[in-house]
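Have a look at start_20.cif; it's mmCIF, C-alpha atoms and all ligand atoms:
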```
data_model
loop_
_atom_site.label_atom_id
_atom_site.label_comp_id
_atom_site.auth_asym_id
_atom_site.auth_seq_id
_atom_site.Cartn_x
_atom_site.Cartn_y
_atom_site.Cartn_z
CA MET A 1 85.49 125.18 99.46
CA PHE A 2 89.09 126.25 99.83
CA LEU A 3 91.73 123.68 100.69
CA GLU A 4 94.37 124.85 103.14
CA PRO A 5 97.75 123.26 102.36
CA LYS A 6 98.89 123.85 105.94
CA TRP A 7 96.02 121.76 107.28
CA VAL A 8 96.56 119.11 104.64
CA ARG A 9 100.30 118.85 105.29
CA SER A 10 99.76 118.57 109.04
CA HIS A 11 98.24 115.13 108.32
CA PHE A 12 101.27 113.85 106.41
CA PRO A 13 104.28 113.46 108.73
CA SER A 14 106.71 112.47 105.97
CA VAL A 15 105.77 115.57 104.03
CA GLN A 16 105.62 117.99 106.93
CA ASN A 17 108.99 117.02 108.43
CA SER A 18 110.92 116.76 105.21
CA LYS A 19 112.87 118.95 102.84
CA THR A 20 111.84 116.67 100.01
CA ILE A 21 109.46 118.00 97.40
CA PHE A 22 107.26 115.07 96.46
CA LEU A 23 106.35 115.33 92.79
CA ASP A 24 106.66 111.59 92.21
CA ASN A 25 103.02 111.16 93.27
CA PRO A 26 101.68 109.18 90.27
CA GLY A 27 104.23 106.52 91.27
CA GLY A 28 102.94 106.53 94.85
CA THR A 29 101.91 109.13 97.41
CA GLN A 30 102.88 109.76 101.02
CA VAL A 31 100.52 108.55 103.73
CA THR A 32 98.60 110.20 106.55
CA GLN A 33 99.42 109.68 110.22
CA THR A 34 96.06 107.94 110.50
CA VAL A 35 97.15 105.37 107.90
CA ILE A 36 100.36 104.71 109.84
CA ASP A 37 98.38 104.44 113.09
CA ALA A 38 95.90 102.04 111.52
CA VAL A 39 98.66 99.56 110.63
CA ALA A 40 99.79 99.62 114.27
CA GLU A 41 96.22 99.39 115.50
CA TYR A 42 95.64 96.28 113.44
CA PHE A 43 98.72 94.52 114.77
CA LEU A 44 98.05 95.60 118.34
CA THR A 45 94.39 94.63 118.49
CA ALA A 46 93.26 92.39 115.64
CA ASN A 47 96.18 90.37 114.37
CA ALA A 48 94.62 87.01 113.58
CA ASN A 49 93.39 85.18 110.54
CA HIS A 50 89.73 85.56 109.57
CA GLY A 51 86.77 83.42 110.50
CA GLY A 52 87.84 82.35 114.00
CA VAL A 53 85.62 82.24 117.10
CA PHE A 54 87.89 84.27 119.34
CA PRO A 55 88.12 88.02 119.91
CA THR A 56 91.15 88.99 117.79
CA SER A 57 89.79 87.10 114.78
CA GLU A 58 86.37 88.66 115.28
CA ARG A 59 87.96 92.10 115.46
CA ASN A 60 89.85 91.34 112.28
CA ASP A 61 86.64 90.35 110.49
CA GLU A 62 84.93 93.51 111.71
CA MET A 63 87.79 95.73 110.51
CA ILE A 64 87.78 94.17 107.06
CA GLN A 65 84.02 94.50 106.82
CA ARG A 66 84.25 98.16 107.76
CA ALA A 67 86.94 98.67 105.14
CA ARG A 68 84.68 97.12 102.52
CA HIS A 69 81.99 99.65 103.45
CA ALA A 70 84.56 102.46 103.24
CA PHE A 71 85.51 101.45 99.70
CA ALA A 72 81.90 100.97 98.65
CA ASP A 73 81.47 104.60 99.73
CA PHE A 74 84.68 105.68 98.00
CA LEU A 75 83.54 104.21 94.68
CA ASN A 76 79.81 104.68 95.25
CA ALA A 77 79.23 100.95 94.80
CA ALA A 78 75.74 99.58 95.40
CA ARG A 79 76.93 97.16 98.08
CA PRO A 80 80.12 96.27 99.98
CA GLU A 81 80.23 92.76 98.49
CA GLU A 82 81.18 94.42 95.20
CA ILE A 83 84.57 95.36 96.67
CA VAL A 84 87.45 92.90 96.26
CA PHE A 85 90.82 93.49 97.92
CA GLY A 86 94.08 92.28 96.42
CA PRO A 87 97.81 92.95 96.49
CA ASN A 88 97.71 95.62 93.77
CA MET A 89 95.80 96.63 90.66
CA THR A 90 98.01 94.58 88.32
CA THR A 91 97.47 91.29 90.14
CA LEU A 92 93.71 91.89 90.42
CA THR A 93 93.51 92.66 86.71
CA PHE A 94 95.40 89.50 85.72
CA SER A 95 93.04 87.55 87.97
CA ILE A 96 89.82 89.01 86.49
CA ALA A 97 91.19 88.76 82.93
CA ARG A 98 91.95 85.09 83.49
CA ALA A 99 88.46 84.47 84.87
CA LEU A 100 86.79 86.40 82.01
CA GLY A 101 89.00 84.47 79.58
CA ARG A 102 87.04 81.34 80.45
CA TRP A 103 84.06 82.83 78.62
CA LEU A 104 85.96 83.68 75.43
CA ARG A 105 85.85 81.80 72.17
CA ALA A 106 88.46 81.96 69.42
CA GLY A 107 87.97 85.13 67.39
CA ASP A 108 86.35 87.10 70.23
CA GLU A 109 87.80 90.59 70.37
CA ILE A 110 89.21 92.66 73.22
CA ILE A 111 89.84 96.39 72.94
CA VAL A 112 92.74 98.05 74.76
CA THR A 113 94.17 101.55 74.30
CA ARG A 114 97.60 103.00 73.61
CA LEU A 115 97.02 105.50 76.43
CA ASP A 116 96.82 102.84 79.13
CA HIS A 117 99.32 101.64 81.68
CA ASP A 118 100.53 98.16 80.75
CA ALA A 119 98.62 96.73 83.73
CA ASN A 120 95.44 97.30 81.73
CA ILE A 121 96.94 95.97 78.48
CA ALA A 122 99.17 92.95 79.22
CA PRO A 123 96.51 90.94 81.16
CA TRP A 124 94.20 91.22 78.13
CA VAL A 125 96.90 90.53 75.56
CA ALA A 126 97.64 87.35 77.55
CA LEU A 127 94.21 86.10 76.47
CA GLU A 128 95.53 85.74 72.93
CA GLU A 129 96.49 82.27 74.11
CA ARG A 130 92.75 81.55 74.33
CA GLY A 131 92.25 82.75 70.78
CA ALA A 132 91.22 86.32 71.58
CA VAL A 133 92.01 89.03 69.04
CA ILE A 134 93.40 92.24 70.57
CA LYS A 135 92.48 95.62 69.06
CA HIS A 136 94.49 98.71 69.99
CA VAL A 137 92.78 102.12 70.08
CA ASP A 138 95.05 104.89 68.85
CA ILE A 139 95.59 108.37 70.30
CA HIS A 140 95.78 111.88 68.91
CA ILE A 141 99.51 112.53 68.99
CA ASP A 142 99.18 116.32 69.34
CA ASP A 143 97.38 116.30 72.72
CA CYS A 144 97.68 112.64 73.78
CA THR A 145 93.94 112.07 73.99
CA LEU A 146 92.11 108.95 72.94
CA ASP A 147 91.01 108.79 69.31
CA MET A 148 87.31 108.13 69.83
CA SER A 149 86.59 107.63 66.15
CA ASP A 150 89.24 104.90 66.12
CA PHE A 151 87.55 103.36 69.18
CA GLU A 152 84.20 103.31 67.38
CA LYS A 153 85.90 101.75 64.36
CA GLN A 154 87.44 98.96 66.45
CA LEU A 155 84.21 98.22 68.35
CA SER A 156 82.07 95.52 66.77
CA ASN A 157 79.66 92.77 67.66
CA LYS A 158 82.72 90.57 68.15
CA THR A 159 83.99 92.79 71.00
CA ARG A 160 83.66 91.06 74.37
CA ILE A 161 85.79 93.27 76.61
CA VAL A 162 86.81 96.93 76.51
CA ALA A 163 89.74 97.77 78.81
CA VAL A 164 90.24 101.49 79.29
CA GLY A 165 91.82 103.85 81.81
CA LEU A 166 90.02 106.78 83.38
CA ALA A 167 93.18 108.88 83.30
CA SER A 168 96.65 108.44 81.86
CA ASN A 169 99.38 107.98 84.47
CA ALA A 170 101.87 109.51 82.01
CA VAL A 171 100.25 112.56 80.45
CA GLY A 172 97.11 113.00 82.57
CA SER A 173 94.49 112.81 79.79
CA VAL A 174 91.05 111.85 81.13
CA ASN A 175 89.02 109.52 78.91
CA PRO A 176 85.25 109.76 78.29
CA VAL A 177 84.63 106.45 80.05
CA ARG A 178 80.86 106.87 80.43
CA THR A 179 80.51 107.27 76.66
CA ILE A 180 82.88 104.36 76.06
CA ALA A 181 80.89 102.18 78.49
CA ASP A 182 77.58 103.02 76.81
CA LEU A 183 78.97 102.18 73.35
CA ALA A 184 80.64 99.01 74.61
CA HIS A 185 77.44 97.81 76.29
CA MET A 186 75.43 98.44 73.14
CA ALA A 187 77.90 96.17 71.37
CA GLY A 188 77.48 93.56 74.12
CA ALA A 189 80.95 93.96 75.70
CA PHE A 190 82.12 94.24 79.33
CA VAL A 191 84.01 97.32 80.44
CA TYR A 192 87.06 97.05 82.69
CA ALA A 193 88.24 100.47 83.87
CA ASP A 194 91.62 101.35 85.34
CA ALA A 195 91.07 104.17 87.83
CA VAL A 196 94.56 104.10 89.38
CA ALA A 197 95.69 107.47 87.96
CA TYR A 198 92.24 109.05 88.37
CA ALA A 199 91.28 108.11 91.93
CA PRO A 200 93.65 110.54 93.72
CA HIS A 201 92.29 113.57 91.85
CA PHE A 202 88.55 113.28 91.19
CA PRO A 203 85.44 111.85 92.90
CA LEU A 204 84.72 108.33 91.66
CA ASP A 205 81.29 106.88 90.99
CA VAL A 206 81.08 103.43 89.44
CA GLN A 207 77.32 103.71 88.98
CA GLU A 208 77.60 107.00 87.13
CA LEU A 209 80.41 105.57 84.98
CA GLY A 210 78.37 102.47 84.22
CA VAL A 211 81.43 100.19 84.12
CA ASP A 212 81.35 96.47 84.96
CA PHE A 213 84.73 96.41 86.69
CA LEU A 214 87.01 99.13 88.00
CA ALA A 215 90.36 98.83 89.74
CA CYS A 216 92.44 101.29 91.74
CA SER A 217 95.37 101.31 94.16
CA ALA A 218 95.33 102.78 97.67
CA TYR A 219 99.01 103.73 97.61
CA LYS A 220 98.22 106.29 94.90
CA PHE A 221 95.72 108.08 97.15
CA TYR A 222 97.54 108.38 100.47
CA GLY A 223 97.06 104.82 101.64
CA PRO A 224 99.17 101.67 101.91
CA HIS A 225 100.08 99.23 99.14
CA LEU A 226 96.77 97.60 98.31
CA GLY A 227 94.69 96.98 95.19
CA ILE A 228 90.93 97.48 95.17
CA LEU A 229 88.59 96.03 92.59
CA TYR A 230 84.95 96.89 92.08
CA GLY A 231 82.83 94.42 90.14
CA LYS A 232 79.09 94.57 89.54
CA TYR A 233 77.71 91.96 91.90
CA GLU A 234 76.02 89.86 89.25
CA GLN A 235 79.23 89.73 87.21
CA LEU A 236 81.33 88.74 90.22
CA GLU A 237 78.75 86.10 91.03
CA ARG A 238 78.71 84.63 87.52
CA LEU A 239 82.49 84.63 87.07
CA GLN A 240 84.30 81.51 88.10
CA ALA A 241 87.35 82.36 90.21
CA TYR A 242 90.62 80.48 90.30
CA LYS A 243 90.66 79.54 93.99
CA VAL A 244 91.44 76.89 96.54
CA ARG A 245 88.56 74.54 97.41
CA PRO A 246 88.00 75.28 101.13
CA SER A 247 87.69 79.08 100.73
CA GLU A 248 84.30 80.72 100.31
CA ASN A 249 82.85 80.63 96.81
CA THR A 250 80.81 83.84 96.98
CA PRO A 251 81.77 87.39 96.01
CA PRO A 252 83.97 89.07 97.03
CA TYR A 253 85.79 86.30 98.93
CA LYS A 254 86.20 83.94 96.02
CA PHE A 255 88.50 86.46 94.33
CA GLU A 256 90.54 87.14 97.49
CA THR A 257 92.89 84.22 97.14
CA GLY A 258 95.12 83.37 100.08
CA THR A 259 95.41 85.39 103.27
CA PRO A 260 94.85 89.09 102.54
CA THR A 261 97.12 91.87 103.83
CA PHE A 262 94.65 92.68 106.60
CA GLU A 263 96.73 95.50 108.05
CA ASN A 264 96.81 97.26 104.69
CA ILE A 265 93.08 96.83 104.15
CA HIS A 266 92.43 98.42 107.53
CA ALA A 267 94.91 101.21 106.80
CA ALA A 268 93.46 101.82 103.33
CA ALA A 269 90.11 102.52 104.96
CA ALA A 270 91.87 105.16 107.06
CA ALA A 271 92.97 106.83 103.78
CA VAL A 272 89.35 106.86 102.61
CA ASN A 273 88.30 108.39 105.90
CA TYR A 274 91.01 111.00 105.59
CA LEU A 275 89.65 111.98 102.16
CA ALA A 276 86.16 112.17 103.66
CA SER A 277 87.53 114.39 106.43
CA VAL A 278 88.87 116.76 103.76
CA GLY A 279 85.28 117.00 102.57
CA GLU A 280 84.03 117.58 106.04
CA LYS A 281 86.42 120.51 106.02
CA PHE A 282 88.51 120.78 109.07
CA GLY A 283 86.52 118.17 110.95
CA ALA A 284 88.42 116.27 113.63
CA ALA A 285 90.83 113.62 112.43
CA PHE A 286 88.77 110.59 113.35
CA ALA A 287 90.84 107.94 111.69
CA ASN A 288 88.81 104.89 112.37
CA ASP A 289 85.56 106.04 113.86
CA TYR A 290 83.49 104.93 110.90
CA ARG A 291 80.25 105.81 112.68
CA ALA A 292 81.20 109.46 112.45
CA PHE A 293 80.79 109.11 108.70
CA ALA A 294 77.08 108.66 108.18
CA ASP A 295 77.49 111.01 105.25
CA ARG A 296 80.80 109.62 104.10
CA ARG A 297 79.79 109.38 100.45
CA ALA A 298 78.85 113.05 100.40
CA HIS A 299 82.03 114.05 102.24
CA LEU A 300 84.16 112.04 99.82
CA LYS A 301 82.60 113.81 96.90
CA THR A 302 83.11 117.28 98.33
CA GLY A 303 86.60 116.36 99.54
CA LEU A 304 87.73 115.18 96.14
CA ARG A 305 86.09 118.14 94.42
CA ALA A 306 88.08 120.44 96.72
CA ILE A 307 91.24 118.48 95.93
CA GLN A 308 90.50 118.65 92.20
CA GLN A 309 90.09 122.43 92.33
CA TYR A 310 93.19 122.96 94.45
CA GLU A 311 95.34 120.75 92.22
CA LYS A 312 94.02 122.42 89.10
CA ASP A 313 95.16 125.83 90.36
CA LEU A 314 98.58 124.38 91.18
CA PHE A 315 98.75 122.76 87.78
CA VAL A 316 97.99 126.05 86.02
CA ARG A 317 100.95 127.55 87.87
CA LEU A 318 103.14 124.62 86.87
CA MET A 319 102.08 124.73 83.23
CA ASN A 320 102.54 128.52 83.04
CA GLY A 321 106.12 128.08 84.22
CA LEU A 322 106.90 125.03 82.10
CA ARG A 323 105.72 126.68 78.90
CA GLU A 324 108.29 129.45 79.30
CA LEU A 325 111.29 127.14 79.61
CA PRO A 326 113.63 127.10 76.60
CA GLY A 327 113.81 123.88 74.57
CA ILE A 328 110.91 122.19 76.38
CA ARG A 329 108.50 119.78 74.71
CA ILE A 330 105.36 119.07 76.76
CA TYR A 331 103.20 116.01 75.97
CA GLY A 332 99.44 116.08 76.50
CA ILE A 333 96.81 118.78 76.97
CA THR A 334 98.32 122.23 77.60
CA ASP A 335 95.25 124.35 76.90
CA PHE A 336 94.02 125.75 80.25
CA ALA A 337 90.40 125.70 79.08
CA ARG A 338 90.61 121.89 78.91
CA PHE A 339 92.18 121.31 82.32
CA ASP A 340 88.99 119.77 83.69
CA SER A 341 89.63 116.82 81.42
CA ARG A 342 93.14 116.13 82.58
CA ALA A 343 94.81 114.99 85.79
CA PRO A 344 97.58 117.22 87.20
CA THR A 345 100.38 115.12 85.73
CA ALA A 346 102.82 116.62 83.23
CA ALA A 347 105.31 114.79 81.00
CA PHE A 348 108.01 116.71 79.14
CA ASN A 349 111.54 116.69 77.74
CA PHE A 350 114.25 119.23 77.04
CA ASP A 351 116.04 119.29 73.71
CA GLY A 352 119.25 117.33 73.85
CA GLN A 353 118.82 116.21 77.48
CA HIS A 354 118.15 112.66 78.58
CA PRO A 355 115.10 112.50 80.88
CA ARG A 356 117.07 110.43 83.39
CA ASP A 357 119.70 113.19 83.66
CA VAL A 358 117.00 115.81 84.25
CA ALA A 359 115.36 113.65 86.94
CA ALA A 360 118.74 112.98 88.57
CA LYS A 361 119.59 116.71 88.71
CA LEU A 362 116.25 117.37 90.39
CA GLY A 363 116.82 114.41 92.71
CA GLU A 364 120.08 115.98 93.87
CA GLN A 365 117.97 118.91 95.05
CA ASN A 366 115.48 116.65 96.85
CA ILE A 367 112.87 117.18 94.17
CA ASN A 368 111.37 113.76 93.40
CA VAL A 369 110.18 113.23 89.84
CA TRP A 370 109.97 110.15 87.64
CA ASP A 371 111.53 109.54 84.28
CA GLY A 372 111.13 106.68 81.78
CA ASN A 373 107.89 105.13 80.60
CA TYR A 374 106.25 104.49 84.03
CA TYR A 375 104.85 101.35 82.37
CA ALA A 376 102.84 103.45 79.91
CA LEU A 377 104.84 101.56 77.35
CA ALA A 378 102.34 101.67 74.46
CA LEU A 379 102.11 105.46 74.77
CA MET A 380 105.87 106.00 74.87
CA GLU A 381 106.25 103.78 71.82
CA ARG A 382 103.53 105.71 70.02
CA LEU A 383 105.21 109.02 70.89
CA ASP A 384 108.51 107.56 69.67
CA LEU A 385 110.13 108.20 73.05
CA GLU A 386 110.80 104.67 74.22
CA ALA A 387 114.25 104.43 72.66
CA THR A 388 115.33 107.79 74.09
CA GLY A 389 114.42 107.24 77.73
CA GLY A 390 110.77 108.30 77.73
CA ALA A 391 110.03 111.61 79.42
CA VAL A 392 110.30 113.44 82.73
CA ARG A 393 107.05 113.24 84.73
CA VAL A 394 105.88 115.70 87.38
CA GLY A 395 102.70 114.62 89.18
CA LEU A 396 100.93 116.80 91.71
CA ALA A 397 99.12 115.82 94.88
CA HIS A 398 97.00 117.99 97.15
CA TYR A 399 99.80 118.33 99.71
CA ASN A 400 101.99 120.16 97.18
CA THR A 401 102.21 123.94 97.42
CA ASN A 402 102.79 126.99 95.23
CA GLU A 403 106.23 127.35 96.84
CA GLU A 404 107.14 123.82 95.79
CA ILE A 405 106.04 124.47 92.20
CA ASP A 406 108.16 127.62 92.18
CA ALA A 407 111.17 125.70 93.52
CA LEU A 408 110.75 123.05 90.82
CA LEU A 409 110.47 125.71 88.11
CA ALA A 410 113.58 127.49 89.38
CA ALA A 411 115.53 124.21 89.29
CA LEU A 412 114.24 123.42 85.79
CA ARG A 413 115.19 126.89 84.59
CA GLU A 414 118.80 126.14 85.57
CA ILE A 415 118.67 122.73 83.91
CA ALA A 416 117.13 124.15 80.71
CA GLY A 417 119.98 126.68 80.65
C1 LIG A 501 97.31 104.05 85.55
C2 LIG A 501 97.90 102.90 86.29
N1 LIG A 501 97.35 101.71 86.19
C3 LIG A 501 97.82 100.64 86.85
C4 LIG A 501 98.93 100.73 87.66
C5 LIG A 501 99.41 99.51 88.37
O1 LIG A 501 99.01 99.58 89.70
P1 LIG A 501 99.59 98.59 90.78
O2 LIG A 501 100.96 99.09 91.11
O3 LIG A 501 98.64 98.71 91.93
O4 LIG A 501 99.61 97.24 90.20
C6 LIG A 501 99.56 101.96 87.80
C7 LIG A 501 100.77 102.09 88.63
O5 LIG A 501 101.57 102.96 88.43
C8 LIG A 501 99.03 103.08 87.11
O6 LIG A 501 99.59 104.29 87.22
#
```
Can you give me the file's structure in the form of structure tokens?
Amino acid sequence: MFLEPKWVRSHFPSVQNSKTIFLDNPGGTQVTQTVIDAVAEYFLTANANHGGVFPTSERNDEMIQRARHAFADFLNAARPEEIVFGPNMTTLTFSIARALGRWLRAGDEIIVTRLDHDANIAPWVALEERGAVIKHVDIHIDDCTLDMSDFEKQLSNKTRIVAVGLASNAVGSVNPVRTIADLAHMAGAFVYADAVAYAPHFPLDVQELGVDFLACSAYKFYGPHLGILYGKYEQLERLQAYKVRPSENTPPYKFETGTPTFENIHAAAAAVNYLASVGEKFGAAFANDYRAFADRRAHLKTGLRAIQQYEKDLFVRLMNGLRELPGIRIYGITDFARFDSRAPTAAFNFDGQHPRDVAAKLGEQNINVWDGNYYALALMERLDLEATGGAVRVGLAHYNTNEEIDALLAALREIAG
């Protein structure tokens, strides 16, 4: 299937009507018109708290239930009750870590990796206060991939939790999470996966991955600011949540503390439906007609496969151009033959230039890129870049075009001198 950028961009008003080149995508993507409309639809028709016996509250409950189905489809979860909504991935992860911490005894071990965003490190390190011992898995410096032999060395019968990302938000490396989950389970540990940097680029399947928990963020895949957590039902059921007494004590509600951002949950489902409509290839834009999506899981898979292929071609073009720039140092996998195991996110520096200055020069030309550590602190420290401002990061999304890559490369050529 061939993705047409013109069709894609017609769904993103802030992209279509703007001179800005959005390459800041791993920090957050633009949203579809259907996502914007869904926020308005919520406030116009269903703006009430949940559980009431009047029409707006009932509509609210129905919308949230539909959204749970949408995300069960998005992640290929066995049932919608395995989907927990929260403010963002970081907050959900702190909440699950704290609940899992209740099961830990002094000396129990938790494995984290140096490739992960700090949102999948700090919540686990916080459990040191319960006596947990934190083990850090190293990376191969040359291509910024996880050192699997180090992982196997760190794993033991004392390991209780393995926290690992599916993809690096800094350098794009994709980790062999299925293998990691199998090894962790053999050792008797839970697996908590961070899919934030993976979800926008590849189909997701929690059952195929075999993880116990997985978190992602809708604002990274064309939706609003919202965190989504998958937990295997029996784990969610067994875990004791930190909650107020009157709220429901069953999954997923017991983990949804306080009043949720209903409008964002409804709008996040519109982002899922948009991705399914990509799979349906030029089907009508049926933002919220969930019934039209009997085959939503299949459409999501084909949609994200199409996105993956399109972004890979764009990324080859980007990498070809980057490699020719004088004085550039690129971090992560650069070998085209291995591009299936990386997300289309490139981090690099130029000799003698501060990454912030490079990003600012691009910003002056309306080319949005990030610089710094993007909270991949452990990685930047390991690469010895933290003290020098980290690196410039260019992250692609499926609404980017060849012309935009060429414009970026032309601007970088000037900057490289
Ligand atoms: C890989 C990764 N994990 C976790 C997070 C944190 O997500 P949130 O902003 O939803 O807390 C981010 C955000 O940049 C990320 O890129």
| request: Please provide the set of residues having any atom within 12 Å of segment 7-19 of chain A, restricted to all atoms listed in the file, with same-chain residues fewer than 3 positions apart removed, written as a PyMOL selection string. | output: chain A and resi 2-4+22-23+25+29-37+222-223+270-271+274-275+277-279+281-287+303+306-307+310+363-368+397-401+404+407
| field | atom CA of Gly327 of chain A to atom CA of Asp351 of chain A, straight-line distance in Å | value |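 Here the two named atoms are 5.2 Å from each other.
In this structure, atom CA of Tyr198 of chain A sits 27.8 Å away from atom CA of Ala411 of chain A.
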With 6 Å as the cut-off and only C-alpha atoms and all ligand atoms counted, what is the closest atom pair between each nearby residue of chain A and ligand LIG 501 (chain A)? Distances in Å to one decimal, ordered by chain and number, as JSON lines.
```
{"residue": "A:Gly27", "atom": "CA", "partner": "A:LIG501", "partner_atom": "O5", "distance": 5.3}
{"residue": "A:Asn88", "atom": "CA", "partner": "A:LIG501", "partner_atom": "O3", "distance": 3.7}
{"residue": "A:Met89", "atom": "CA", "partner": "A:LIG501", "partner_atom": "O3", "distance": 3.7}
{"residue": "A:Thr90", "atom": "CA", "partner": "A:LIG501", "partner_atom": "O4", "distance": 3.6}
{"residue": "A:His117", "atom": "CA", "partner": "A:LIG501", "partner_atom": "N1", "distance": 4.9}
{"residue": "A:Ala119", "atom": "CA", "partner": "A:LIG501", "partner_atom": "C3", "distance": 5.1}
{"residue": "A:Ser168", "atom": "CA", "partner": "A:LIG501", "partner_atom": "C1", "distance": 5.8}
{"residue": "A:Asn169", "atom": "CA", "partner": "A:LIG501", "partner_atom": "C1", "distance": 4.6}
{"residue": "A:Asp194", "atom": "CA", "partner": "A:LIG501", "partner_atom": "N1", "distance": 5.8}
{"residue": "A:Val196", "atom": "CA", "partner": "A:LIG501", "partner_atom": "C2", "distance": 4.7}
{"residue": "A:Ala197", "atom": "CA", "partner": "A:LIG501", "partner_atom": "C1", "distance": 4.5}
{"residue": "A:Ser217", "atom": "CA", "partner": "A:LIG501", "partner_atom": "O3", "distance": 4.7}
{"residue": "A:Gly227", "atom": "CA", "partner": "A:LIG501", "partner_atom": "O3", "distance": 5.4}
```
| said: Calculated over all atoms listed in the file, which of the candidates A:Val211, A:Val316, A:Val191, A:Ala77 has the smallest distance to Asn120 of chain A? | reply: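 Ranking A:Val211, A:Val316, A:Val191, A:Ala77 by distance to Asn120 of chain A, first place goes to A:Val191.
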